[in-house]
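Pasted below: run.tsv, TSV, C-alpha atoms.
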chain	number	residue	atom	x	y	z
A	19	MET	CA	33.94	-14.69	-42.60
A	20	SER	CA	36.51	-17.47	-42.22
A	21	ASP	CA	38.57	-17.76	-39.05
A	22	GLY	CA	42.00	-17.24	-40.61
A	23	ILE	CA	43.41	-14.97	-37.89
A	24	ASP	CA	46.84	-15.95	-36.67
A	25	ASN	CA	46.56	-15.09	-32.98
A	26	ALA	CA	50.18	-16.04	-32.34
A	27	ALA	CA	51.24	-12.75	-33.90
A	28	ALA	CA	48.81	-10.46	-32.12
A	29	THR	CA	51.20	-7.60	-31.32
A	30	ASP	CA	52.16	-5.04	-33.94
A	31	THR	CA	49.86	-6.60	-36.45
A	32	LEU	CA	47.28	-5.25	-38.84
A	33	ASP	CA	43.67	-6.39	-38.92
A	34	VAL	CA	43.14	-7.13	-42.61
A	35	ARG	CA	40.02	-8.42	-44.38
A	36	VAL	CA	40.43	-9.64	-47.93
A	37	TRP	CA	37.57	-10.45	-50.29
A	38	ARG	CA	37.96	-13.92	-51.76
A	39	GLY	CA	35.73	-15.47	-54.38
A	40	ASP	CA	34.65	-15.13	-57.97
A	41	GLU	CA	31.64	-14.03	-60.04
A	42	ARG	CA	29.49	-16.70	-58.38
A	43	GLY	CA	30.08	-15.26	-54.92
A	44	GLY	CA	32.60	-15.00	-52.14
A	45	ASP	CA	33.29	-13.75	-48.64
A	46	TRP	CA	35.59	-11.60	-46.55
A	47	HIS	CA	38.51	-13.48	-44.97
A	48	ALA	CA	40.38	-12.10	-41.96
A	49	TYR	CA	44.15	-12.08	-41.51
A	50	ARG	CA	46.69	-10.72	-39.07
A	51	VAL	CA	49.60	-9.20	-40.95
A	52	PRO	CA	52.82	-7.93	-39.34
A	53	ALA	CA	52.90	-4.15	-39.30
A	54	ALA	CA	55.93	-2.34	-40.73
A	55	ALA	CA	57.00	1.24	-41.26
A	56	ASN	CA	55.97	2.76	-44.62
A	57	GLN	CA	54.03	-0.38	-45.45
A	58	THR	CA	51.81	-0.20	-48.52
A	59	VAL	CA	48.53	-1.98	-49.11
A	60	LEU	CA	50.22	-3.99	-51.86
A	61	ASP	CA	52.87	-5.08	-49.32
A	62	VAL	CA	50.05	-6.37	-47.12
A	63	VAL	CA	48.40	-8.31	-49.96
A	64	THR	CA	51.74	-9.76	-51.00
A	65	TRP	CA	52.49	-10.84	-47.42
A	66	ILE	CA	49.15	-12.67	-47.24
A	67	GLN	CA	49.78	-14.37	-50.56
A	68	ARG	CA	53.30	-15.46	-49.59
A	69	HIS	CA	52.60	-16.52	-46.02
A	70	ARG	CA	48.94	-17.48	-45.73
A	71	GLU	CA	47.13	-17.89	-49.08
A	72	PRO	CA	49.39	-19.04	-51.93
A	73	ASN	CA	46.41	-19.14	-54.29
A	74	LEU	CA	45.27	-15.58	-53.59
A	75	ALA	CA	44.69	-13.94	-56.99
A	76	TYR	CA	45.78	-10.32	-57.43
A	77	ARG	CA	47.66	-8.29	-59.99
A	78	PHE	CA	50.75	-6.10	-59.81
A	79	ALA	CA	53.92	-5.44	-61.79
A	80	CYS	CA	56.06	-2.36	-61.19
A	81	ARG	CA	55.29	-1.59	-57.50
A	82	VAL	CA	56.19	2.08	-58.08
A	83	GLY	CA	53.00	3.64	-59.48
A	84	VAL	CA	53.80	3.39	-63.16
A	85	CYS	CA	52.15	0.29	-64.58
A	86	GLY	CA	48.63	0.84	-63.23
A	87	SER	CA	47.93	-2.84	-62.60
A	88	CYS	CA	47.55	-3.05	-58.81
A	89	ALA	CA	44.40	-1.00	-58.22
A	90	MET	CA	41.97	-2.44	-55.69
A	91	SER	CA	39.17	-1.28	-53.47
A	92	VAL	CA	40.60	-0.37	-50.06
A	93	ASN	CA	38.03	0.30	-47.35
A	94	GLY	CA	35.50	0.96	-50.09
A	95	GLU	CA	37.63	3.41	-52.05
A	96	PRO	CA	39.51	2.67	-55.29
A	97	ARG	CA	43.25	3.01	-54.75
A	98	TRP	CA	46.56	2.20	-56.43
A	99	THR	CA	47.75	-0.16	-53.73
A	100	CYS	CA	51.49	0.09	-54.40
A	101	ARG	CA	51.51	3.78	-53.51
A	102	THR	CA	48.89	3.71	-50.78
A	103	HIS	CA	50.31	3.54	-47.29
A	104	VAL	CA	48.48	1.44	-44.76
A	105	GLN	CA	48.50	4.32	-42.27
A	106	ASP	CA	46.57	6.49	-44.76
A	107	ALA	CA	44.05	3.85	-45.77
A	108	ALA	CA	43.20	1.98	-42.55
A	109	ARG	CA	40.00	2.91	-40.76
A	110	ASP	CA	39.79	2.16	-37.05
A	111	GLY	CA	42.81	-0.07	-37.51
A	112	VAL	CA	41.12	-2.23	-40.14
A	113	LEU	CA	41.97	-2.69	-43.84
A	114	ARG	CA	39.24	-4.13	-46.07
A	115	ILE	CA	40.74	-5.00	-49.44
A	116	GLY	CA	38.48	-6.03	-52.30
A	117	PRO	CA	38.42	-6.00	-56.09
A	118	LEU	CA	37.66	-2.84	-58.07
A	119	ARG	CA	33.96	-2.35	-58.75
A	120	ASN	CA	32.42	-1.86	-62.21
A	121	LEU	CA	34.60	-4.59	-63.74
A	122	PRO	CA	33.96	-8.33	-64.12
A	123	LEU	CA	35.78	-10.37	-61.51
A	124	VAL	CA	38.33	-12.99	-62.49
A	125	ARG	CA	39.00	-14.16	-58.94
A	126	ASP	CA	39.69	-12.65	-55.51
A	127	LEU	CA	41.31	-9.24	-56.14
A	128	ALA	CA	41.92	-9.62	-59.88
A	129	CYS	CA	39.42	-8.01	-62.27
A	130	ASP	CA	38.97	-8.53	-65.97
A	131	MET	CA	40.20	-5.26	-67.51
A	132	ALA	CA	38.87	-6.05	-71.01
A	133	PRO	CA	35.75	-3.81	-70.77
A	134	PHE	CA	37.91	-0.94	-69.54
A	135	PHE	CA	40.21	-1.14	-72.57
A	136	ASP	CA	37.28	-1.80	-74.91
A	137	ARG	CA	35.95	1.63	-73.90
A	138	TRP	CA	39.27	3.16	-74.97
A	139	GLN	CA	38.82	1.78	-78.47
A	140	GLU	CA	35.15	2.79	-78.59
A	141	ALA	CA	36.06	6.37	-77.59
A	142	GLY	CA	38.57	6.68	-80.42
A	143	GLY	CA	41.52	6.35	-78.07
A	144	ARG	CA	43.81	5.19	-80.84
A	145	PHE	CA	46.20	7.79	-82.30
A	146	VAL	CA	45.48	8.45	-85.99
A	147	PRO	CA	48.62	9.79	-87.67
A	148	SER	CA	48.29	12.76	-89.98
A	149	SER	CA	51.59	12.02	-91.72
A	150	ASP	CA	53.85	9.03	-92.31
A	151	ARG	CA	57.26	8.00	-91.02
A	152	HIS	CA	59.03	9.80	-93.85
A	153	ALA	CA	57.80	13.22	-92.77
A	154	ASP	CA	59.77	15.42	-90.43
A	155	ILE	CA	59.00	15.15	-86.74
A	156	ALA	CA	56.10	17.48	-86.00
A	157	ALA	CA	57.25	20.59	-84.16
A	158	ILE	CA	54.71	21.21	-81.39
A	159	SER	CA	55.52	24.10	-79.10
A	160	PRO	CA	55.28	23.16	-75.41
A	161	GLU	CA	53.66	26.57	-74.94
A	162	SER	CA	50.80	26.05	-77.42
A	163	PRO	CA	47.38	26.00	-75.68
A	164	ALA	CA	46.41	22.67	-77.26
A	165	ARG	CA	49.69	21.08	-76.18
A	166	ARG	CA	49.19	22.28	-72.62
A	167	ILE	CA	45.70	20.77	-72.52
A	168	ALA	CA	46.95	17.49	-74.00
A	169	ASP	CA	49.80	17.42	-71.48
A	170	ALA	CA	47.40	17.81	-68.59
A	171	ALA	CA	45.50	14.68	-69.63
A	172	ILE	CA	48.27	12.50	-70.95
A	173	GLN	CA	49.81	10.94	-67.83
A	174	CYS	CA	47.07	8.32	-67.40
A	175	ILE	CA	48.45	4.94	-66.32
A	176	ASN	CA	45.22	3.03	-67.07
A	177	CYS	CA	44.77	1.82	-63.51
A	178	ALA	CA	40.94	1.97	-63.81
A	179	VAL	CA	40.63	3.72	-60.44
A	180	CYS	CA	38.48	6.43	-62.06
A	181	TYR	CA	36.38	3.79	-63.84
A	182	ALA	CA	35.73	2.06	-60.52
A	183	ALA	CA	34.97	5.37	-58.79
A	184	CYS	CA	32.40	6.47	-61.39
A	185	ASP	CA	28.74	6.01	-60.43
A	186	VAL	CA	27.61	6.56	-64.03
A	187	VAL	CA	29.70	3.54	-65.12
A	188	GLN	CA	27.90	1.54	-62.44
A	189	TRP	CA	24.46	2.70	-63.59
A	190	LYS	CA	25.15	2.57	-67.34
A	191	PRO	CA	27.81	-0.05	-68.08
A	192	ASP	CA	28.18	0.91	-71.73
A	193	TYR	CA	29.16	4.48	-70.73
A	194	LEU	CA	32.67	5.12	-72.05
A	195	GLY	CA	33.87	6.24	-68.64
A	196	PRO	CA	36.38	8.83	-67.44
A	197	ALA	CA	39.64	7.18	-68.53
A	198	ALA	CA	38.59	6.60	-72.15
A	199	LEU	CA	37.11	10.08	-72.40
A	200	ASN	CA	40.23	11.60	-70.84
A	201	ARG	CA	42.29	9.75	-73.45
A	202	ALA	CA	40.01	11.01	-76.22
A	203	TRP	CA	40.42	14.57	-74.92
A	204	SER	CA	44.22	14.31	-75.00
A	205	LEU	CA	44.01	13.19	-78.65
A	206	VAL	CA	41.47	15.88	-79.55
A	207	ASN	CA	44.18	18.35	-78.52
A	208	ASP	CA	47.02	16.47	-80.20
A	209	GLU	CA	47.93	18.60	-83.19
A	210	ARG	CA	49.47	15.59	-84.98
A	211	ASP	CA	46.29	13.52	-84.83
A	212	ALA	CA	43.87	13.25	-87.76
A	213	GLY	CA	41.07	11.22	-86.20
A	214	ASN	CA	38.92	13.86	-84.56
A	215	LYS	CA	35.93	13.58	-86.88
A	216	ASP	CA	35.22	9.98	-85.93
A	217	ARG	CA	36.43	10.52	-82.36
A	218	LEU	CA	34.05	13.39	-81.66
A	219	ARG	CA	31.22	11.38	-83.14
A	220	ALA	CA	32.12	8.47	-80.87
A	221	VAL	CA	32.21	10.53	-77.68
A	222	ALA	CA	28.98	12.35	-78.60
A	223	GLY	CA	26.93	9.16	-78.87
A	224	ASP	CA	24.48	7.58	-76.44
A	225	ALA	CA	27.32	6.11	-74.35
A	226	GLY	CA	29.46	9.22	-74.59
A	227	CYS	CA	30.60	12.21	-72.56
A	228	HIS	CA	27.14	13.74	-72.13
A	229	ASN	CA	26.22	11.02	-69.66
A	230	CYS	CA	28.67	12.49	-67.14
A	231	HIS	CA	26.88	13.97	-64.12
A	232	SER	CA	29.97	16.01	-63.14
A	233	GLN	CA	30.23	14.26	-59.78
A	234	HIS	CA	34.01	14.26	-60.27
A	235	ASN	CA	34.74	11.07	-58.36
A	236	CYS	CA	37.21	10.37	-61.18
A	237	THR	CA	39.14	13.53	-60.39
A	238	ARG	CA	38.92	12.94	-56.66
A	239	TYR	CA	40.41	9.46	-56.85
A	240	CYS	CA	42.85	9.71	-59.77
A	241	PRO	CA	46.16	8.67	-58.20
A	242	ASN	CA	48.10	10.76	-60.73
A	243	GLN	CA	46.12	13.90	-59.88
A	244	LEU	CA	44.71	14.10	-63.39
A	245	ASP	CA	41.36	15.78	-63.91
A	246	PRO	CA	39.22	13.52	-66.10
A	247	GLY	CA	36.18	15.57	-65.08
A	248	ALA	CA	37.68	18.62	-66.75
A	249	SER	CA	38.58	16.54	-69.81
A	250	ILE	CA	34.96	15.40	-70.10
A	251	ALA	CA	33.78	19.00	-69.74
A	252	GLY	CA	36.18	19.91	-72.56
A	253	LEU	CA	34.70	17.17	-74.74
A	254	LYS	CA	31.20	18.42	-74.01
A	255	ARG	CA	32.14	21.93	-75.16
A	256	THR	CA	34.00	20.72	-78.23
A	257	THR	CA	31.27	18.34	-79.35
A	258	MET	CA	28.62	21.02	-78.85
A	259	LYS	CA	30.57	23.45	-81.02
A	260	ALA	CA	31.00	20.73	-83.65
A	261	ALA	CA	27.28	19.91	-83.53
A	262	LEU	CA	26.34	23.58	-83.95
A	263	LYS	CA	28.58	23.72	-87.02
A	264	GLY	CA	26.88	20.60	-88.39
A	265	GLN	CA	30.06	18.53	-88.14
A	266	LEU	CA	28.55	15.66	-86.11
B	275	MET	CA	22.68	10.55	-73.82
B	276	PRO	CA	23.12	11.57	-77.45
B	277	ILE	CA	24.45	15.09	-77.90
B	278	ARG	CA	21.28	16.44	-79.51
B	279	LEU	CA	19.20	15.46	-76.49
B	280	TYR	CA	21.86	16.97	-74.22
B	281	MET	CA	21.74	20.27	-76.09
B	282	LEU	CA	17.95	20.27	-76.22
B	283	GLN	CA	17.79	19.73	-72.48
B	284	ARG	CA	20.17	22.66	-71.81
B	285	LEU	CA	18.26	24.87	-74.23
B	286	SER	CA	14.91	24.01	-72.62
B	287	ALA	CA	16.45	24.76	-69.19
B	288	LEU	CA	17.51	28.19	-70.46
B	289	VAL	CA	13.96	28.87	-71.58
B	290	MET	CA	12.44	27.53	-68.36
B	291	ALA	CA	14.61	29.49	-65.93
B	292	PRO	CA	12.97	32.94	-66.43
B	293	LEU	CA	9.53	31.40	-66.96
B	294	VAL	CA	9.73	29.61	-63.61
B	295	LEU	CA	10.39	32.98	-61.98
B	296	VAL	CA	7.41	34.48	-63.82
B	297	HIS	CA	5.23	31.57	-62.74
B	298	LEU	CA	6.29	31.88	-59.09
B	299	ALA	CA	5.70	35.63	-59.19
B	300	VAL	CA	2.22	35.07	-60.62
B	301	ILE	CA	1.40	32.60	-57.83
B	302	ILE	CA	2.66	34.92	-55.08
B	303	ILE	CA	0.93	38.02	-56.47
B	304	ALA	CA	-2.33	36.18	-57.08
B	305	VAL	CA	-2.42	34.69	-53.58
B	306	ARG	CA	-1.30	37.82	-51.72
B	307	SER	CA	-3.71	40.11	-53.55
B	308	GLY	CA	-6.61	37.78	-52.81
B	309	LEU	CA	-7.73	37.36	-56.43
B	310	ASP	CA	-10.36	34.69	-56.93
B	311	ALA	CA	-10.50	32.24	-59.84
B	312	GLU	CA	-13.06	34.24	-61.81
B	313	THR	CA	-10.96	37.40	-61.67
B	314	LEU	CA	-7.81	35.53	-62.66
B	315	LEU	CA	-9.50	33.81	-65.57
B	316	GLY	CA	-10.94	37.14	-66.64
B	317	ARG	CA	-7.42	38.47	-66.98
B	318	THR	CA	-5.88	35.44	-68.67
B	319	ARG	CA	-8.63	34.56	-71.16
B	320	GLY	CA	-8.07	36.10	-74.51
B	321	SER	CA	-4.57	37.22	-73.51
B	322	LEU	CA	-2.00	36.43	-76.14
B	323	VAL	CA	0.84	37.25	-73.70
B	324	TRP	CA	-0.26	34.72	-71.06
B	325	GLY	CA	-0.93	32.19	-73.76
B	326	LEU	CA	2.59	32.61	-75.10
B	327	VAL	CA	4.19	32.59	-71.63
B	328	TYR	CA	2.50	29.43	-70.45
B	329	GLY	CA	2.49	27.81	-73.88
B	330	THR	CA	6.26	28.23	-74.12
B	331	PHE	CA	6.63	27.04	-70.54
B	332	VAL	CA	4.68	23.86	-71.26
B	333	VAL	CA	6.72	23.06	-74.36
B	334	ALA	CA	10.01	23.63	-72.50
B	335	VAL	CA	8.90	21.53	-69.52
B	336	SER	CA	7.74	18.69	-71.77
B	337	ILE	CA	11.10	18.55	-73.54
B	338	HIS	CA	13.22	19.02	-70.42
B	339	ALA	CA	11.38	16.52	-68.23
B	340	ALA	CA	11.14	13.86	-70.92
B	341	ILE	CA	14.89	13.93	-71.58
B	342	GLY	CA	15.68	14.00	-67.86
B	343	LEU	CA	13.40	11.05	-67.14
B	344	ARG	CA	14.95	9.21	-70.09
B	345	THR	CA	18.27	9.40	-68.23
B	346	VAL	CA	16.68	8.21	-64.99
B	347	LEU	CA	15.02	5.27	-66.77
B	348	ASP	CA	18.31	4.44	-68.50
B	349	GLU	CA	20.47	4.53	-65.38
B	350	TRP	CA	18.09	3.26	-62.71
B	351	ALA	CA	15.60	1.04	-64.56
B	352	HIS	CA	18.13	-0.08	-67.21
B	353	ILE	CA	15.65	0.44	-70.02
B	354	ARG	CA	17.59	0.67	-73.28
B	355	GLY	CA	17.21	1.13	-77.01
B	356	LYS	CA	13.87	1.76	-78.66
B	357	ALA	CA	11.92	1.17	-75.44
B	358	LEU	CA	13.87	3.98	-73.79
B	359	ASP	CA	13.15	6.42	-76.61
B	360	ALA	CA	9.51	5.32	-76.73
B	361	ALA	CA	9.21	6.06	-72.99
B	362	MET	CA	10.78	9.49	-73.53
B	363	TRP	CA	8.35	10.34	-76.31
B	364	ALA	CA	5.38	9.07	-74.28
B	365	ILE	CA	6.38	11.22	-71.29
B	366	GLY	CA	7.04	14.27	-73.44
B	367	LEU	CA	3.83	14.02	-75.44
B	368	GLY	CA	1.86	13.23	-72.27
B	369	LEU	CA	3.16	16.34	-70.53
B	370	LEU	CA	2.60	18.39	-73.65
B	371	GLY	CA	-1.00	17.18	-73.89
B	372	LEU	CA	-1.79	17.83	-70.23
B	373	GLY	CA	-0.04	21.19	-70.23
B	374	SER	CA	-1.62	22.35	-73.48
B	375	ARG	CA	-5.05	21.47	-72.13
B	376	ALA	CA	-4.39	23.62	-69.05
B	377	VAL	CA	-3.06	26.54	-71.12
B	378	TYR	CA	-6.09	26.31	-73.39
B	379	ALA	CA	-8.40	26.32	-70.38
B	380	VAL	CA	-6.94	29.49	-68.83
B	381	THR	CA	-6.35	31.45	-72.01
B	382	VAL	CA	-9.18	30.41	-74.34
B	383	GLY	CA	-11.84	28.87	-72.09
Turn this file's structure into structure tokens for me.
Amino acid sequence: MSDGIDNAAATDTLDVRVWRGDERGGDWHAYRVPAAANQTVLDVVTWIQRHREPNLAYRFACRVGVCGSCAMSVNGEPRWTCRTHVQDAARDGVLRIGPLRNLPLVRDLACDMAPFFDRWQEAGGRFVPSSDRHADIAAISPESPARRIADAAIQCINCAVCYAACDVVQWKPDYLGPAALNRAWSLVNDERDAGNKDRLRAVAGDAGCHNCHSQHNCTRYCPNQLDPGASIAGLKRTTMKAALKGQL
Amino acid sequence: MPIRLYMLQRLSALVMAPLVLVHLAVIIIAVRSGLDAETLLGRTRGSLVWGLVYGTFVVAVSIHAAIGLRTVLDEWAHIRGKALDAAMWAIGLGLLGLGSRAVYAVTVG
């Protein structure tokens, strides 16, 4: 660990360790960061980048929990850093901020998200229209059971927190993962979509939903309180019914 | 895990669940009533019922364990593709061979 602590600001400061490095290796660096009320983990990272390490690599955009780009590992747990308060995340007064696991590292706290979005495509996460632009807007009742199920899964912001939390992704990197399967489940229940035949086949394959061990780390850590574990369970039921009918 | 293996593993678990209870009951009754090997074999040999019970059990165990170990080999040993399926078949057929031999021994002789 490098000796980057600024002892001149020892009062009302946070003890922060930030992982710095790339795919070839790296190390934890220590910083003292001024404490502030309602401070978020992203505030802390930004302070370090602006005042101590101008070349610190990390990713953020909206700062209000919408864009899904600022997820990092905070004291070993995947978190959306813009909405995670330091007081909730620190352990024994220490913040250890690292990159998300299960994704290739670009540098420091920035991961390559390409595999995460590749899984979306592989799981049939693309909407397949059942009509064209000249047709009337489909009337889907908010009360219909399928619409309710789709609604429950649709607010994903693609932060990859669930992907980083999933042990099966770690063990089997080609596993589609909770976010892609959650997306597939929302489309399976989208009454306007016409792509379920290929989609169900995709999520029933060797890398598909049946790899899930139902540990539900995805549901535990989802910052939007979605339940990807339930979505995966829904896919398991739906694909089994389709298989029994000879549709897969 | 492909869906057919997933379904086969659940189906074999359904079959195994009552047979495990039967097997445990047989062990407990045999031990507590002090039956020796000769007496036990006298009851099982030529019995179609015991042959079917343990024959079904062996088939279900072979399927269930082979698929389960396939997952372990996939996730922990990172064996993939044809090698993974070959390992699954080897485990399944190995268990089936060993189990069938045991069933044959206690029901036929």
Legend entry - Nearest to A:Leu194, chosen from B:Met275, B:Ser321, B:Ala334, B:Thr345, with all atoms listed in the file counted in the distances: B:Met275
Inset, instruction - Calculate how many Å separate atom CA of A:Asp192 from atom CA of A:Arg114, rounding to one decimal. - result: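 Taking atom CA of A:Asp192 as the start and atom CA of A:Arg114 as the end point, the length is 28.4 Å.
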Inset, instruction - Grab the atom CA of A:Arg101 to atom CA of A:Ala141 distance for me, in Å with one decimal place. - result: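 Those two atoms sit 28.7 Å apart.
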Legend entry - Point-to-point distance in Å for atom CA of A:Glu95 and atom CA of A:Gln139: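 Those two atoms sit 26.5 Å apart.
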Inset, instruction - Excluding stretch 230-243 of chain A and residues on its chain fewer than 6 positions from it, collect all residues at most 8 Å away from it, counting all atoms listed in the file, and give them as a PyMOL selection string. - result: chain A and resi 96-98+173-174+179-181+183-184+186+196+250
Inset, instruction - Within 8 Å of stretch 347-351 of chain B, counting all atoms listed in the file, which residues show up once you throw out same-chain ones fewer than 2 positions away? Write them as number ranges by chain, please. - result: A: 186, 189-190; B: 343-345, 353-354, 358
For the residues in that selection, give me C-alpha atoms as an mmCIF file, in the frame of the given file.
data_model
loop_
_atom_site.group_PDB
_atom_site.id
_atom_site.type_symbol
_atom_site.label_atom_id
_atom_site.label_comp_id
_atom_site.auth_asym_id
_atom_site.auth_seq_id
_atom_site.Cartn_x
_atom_site.Cartn_y
_atom_site.Cartn_z
ATOM 1 C CA VAL A 186 27.610 6.560 -64.030
ATOM 2 C CA TRP A 189 24.460 2.700 -63.590
ATOM 3 C CA LYS A 190 25.150 2.570 -67.340
ATOM 4 C CA LEU B 343 13.400 11.050 -67.140
ATOM 5 C CA ARG B 344 14.950 9.210 -70.090
ATOM 6 C CA THR B 345 18.270 9.400 -68.230
ATOM 7 C CA ILE B 353 15.650 0.440 -70.020
ATOM 8 C CA ARG B 354 17.590 0.670 -73.280
ATOM 9 C CA LEU B 358 13.870 3.980 -73.790
#
At a cut-off of 8 Å, list the chain A residues touching chain B, using only C-alpha atoms, as a PDB file with C-alpha atoms, in the coordinates of the input.
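And here's result29.pdb as it stands now:
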ATOM      1  CA  VAL A 186      27.610   6.560 -64.030  1.00  0.00           C
ATOM      2  CA  TRP A 189      24.460   2.700 -63.590  1.00  0.00           C
ATOM      3  CA  LYS A 190      25.150   2.570 -67.340  1.00  0.00           C
ATOM      4  CA  ALA A 222      28.980  12.350 -78.600  1.00  0.00           C
ATOM      5  CA  GLY A 223      26.930   9.160 -78.870  1.00  0.00           C
ATOM      6  CA  ASP A 224      24.480   7.580 -76.440  1.00  0.00           C
ATOM      7  CA  ALA A 225      27.320   6.110 -74.350  1.00  0.00           C
ATOM      8  CA  GLY A 226      29.460   9.220 -74.590  1.00  0.00           C
ATOM      9  CA  HIS A 228      27.140  13.740 -72.130  1.00  0.00           C
ATOM     10  CA  ASN A 229      26.220  11.020 -69.660  1.00  0.00           C
ATOM     11  CA  THR A 257      31.270  18.340 -79.350  1.00  0.00           C
ATOM     12  CA  MET A 258      28.620  21.020 -78.850  1.00  0.00           C
ATOM     13  CA  ALA A 261      27.280  19.910 -83.530  1.00  0.00           C
TER      14      ALA A 261
END
Using all atoms of stretch 243-260 of chain A that appear in the file, construct an axis-aligned enclosing box with 4 Å of padding on every side and provide its centre coordinates and edge lengths in Å, rounded to one decimal, as lines of an AutoDock Vina configuration file.
center_x = 37.4
center_y = 18.5
center_z = -71.8
size_x = 25.5
size_y = 17.9
size_z = 31.8
Please tell me which residues are no farther than 6 Å from (29.7, 0.1, -65.2) in the file, counting only C-alpha atoms, and write them as an mmCIF file with C-alpha atoms, in the coordinates of the input.
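Now in out30.cif:
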data_model
loop_
_atom_site.group_PDB
_atom_site.id
_atom_site.type_symbol
_atom_site.label_atom_id
_atom_site.label_comp_id
_atom_site.auth_asym_id
_atom_site.auth_seq_id
_atom_site.Cartn_x
_atom_site.Cartn_y
_atom_site.Cartn_z
ATOM 1 C CA ASN A 120 32.420 -1.860 -62.210
ATOM 2 C CA VAL A 187 29.700 3.540 -65.120
ATOM 3 C CA GLN A 188 27.900 1.540 -62.440
ATOM 4 C CA LYS A 190 25.150 2.570 -67.340
ATOM 5 C CA PRO A 191 27.810 -0.050 -68.080
#
Legend entry - Nearest to B:Leu295 by atom-to-atom distance, counting all atoms listed in the file, from B:Ala364, B:Ala376, B:Leu315, B:Val327: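 Going through B:Ala364, B:Ala376, B:Leu315, B:Val327 one by one, the smallest distance to B:Leu295 is for B:Val327.
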Inset, instruction - May I have the protein, DNA and RNA residues with an atom at most 12 Å from (44.7, 3.2, -38.2), counting all atoms listed in the file in the file's coordinates, returned as a ChimeraX atom specification? - result: /A:30-34,53,93,103-113
Please save C-alpha atoms of the selected residues as an mmCIF file, in the coordinates of the input.
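Contents of the output file result-v8.cif:
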data_model
loop_
_atom_site.group_PDB
_atom_site.id
_atom_site.type_symbol
_atom_site.label_atom_id
_atom_site.label_comp_id
_atom_site.auth_asym_id
_atom_site.auth_seq_id
_atom_site.Cartn_x
_atom_site.Cartn_y
_atom_site.Cartn_z
ATOM 1 C CA ASP A 30 52.160 -5.040 -33.940
ATOM 2 C CA THR A 31 49.860 -6.600 -36.450
ATOM 3 C CA LEU A 32 47.280 -5.250 -38.840
ATOM 4 C CA ASP A 33 43.670 -6.390 -38.920
ATOM 5 C CA VAL A 34 43.140 -7.130 -42.610
ATOM 6 C CA ALA A 53 52.900 -4.150 -39.300
ATOM 7 C CA ASN A 93 38.030 0.300 -47.350
ATOM 8 C CA HIS A 103 50.310 3.540 -47.290
ATOM 9 C CA VAL A 104 48.480 1.440 -44.760
ATOM 10 C CA GLN A 105 48.500 4.320 -42.270
ATOM 11 C CA ASP A 106 46.570 6.490 -44.760
ATOM 12 C CA ALA A 107 44.050 3.850 -45.770
ATOM 13 C CA ALA A 108 43.200 1.980 -42.550
ATOM 14 C CA ARG A 109 40.000 2.910 -40.760
ATOM 15 C CA ASP A 110 39.790 2.160 -37.050
ATOM 16 C CA GLY A 111 42.810 -0.070 -37.510
ATOM 17 C CA VAL A 112 41.120 -2.230 -40.140
ATOM 18 C CA LEU A 113 41.970 -2.690 -43.840
#
Inset, instruction - Rank B:Leu309, B:Leu322, B:Ala379, B:Val332 by their smallest atom-to-atom distance to B:Leu367, using all atoms listed in the file, and report the top residue only. - result: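 Closest to B:Leu367 of all the choices is B:Val332.
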So that I can see what lies close to B:Val377, please list as a PDB file with C-alpha atoms, in the coordinates of the input the residues with an atom at most 9 Å from it, counting only C-alpha atoms and leaving out residues fewer than 4 positions away in the same chain.
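In the end it all went to result-v2.pdb:
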ATOM      1  CA  TRP B 324      -0.260  34.720 -71.060  1.00  0.00           C
ATOM      2  CA  GLY B 325      -0.930  32.190 -73.760  1.00  0.00           C
ATOM      3  CA  TYR B 328       2.500  29.430 -70.450  1.00  0.00           C
ATOM      4  CA  GLY B 329       2.490  27.810 -73.880  1.00  0.00           C
ATOM      5  CA  VAL B 332       4.680  23.860 -71.260  1.00  0.00           C
ATOM      6  CA  LEU B 372      -1.790  17.830 -70.230  1.00  0.00           C
ATOM      7  CA  GLY B 373      -0.040  21.190 -70.230  1.00  0.00           C
ATOM      8  CA  THR B 381      -6.350  31.450 -72.010  1.00  0.00           C
ATOM      9  CA  VAL B 382      -9.180  30.410 -74.340  1.00  0.00           C
TER      10      VAL B 382
END
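Within the 12 Å cut-off around B:Ala291, using all atoms listed in the file and omitting residues fewer than 4 positions from it on the same chain, the listed residues are Arg284, Leu285, Ser286, Ala287, Leu295, Val296, His297, Leu298, Thr330, Phe331, Ala334, Val335 and His338 of chain B.
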Inset, instruction - Name the closest residue to A:Ala182 among the candidates A:Asn214, A:Ser162, A:Ser91, A:Thr64; distances are taken between atoms, counting all atoms listed in the file. - result: A:Ser91
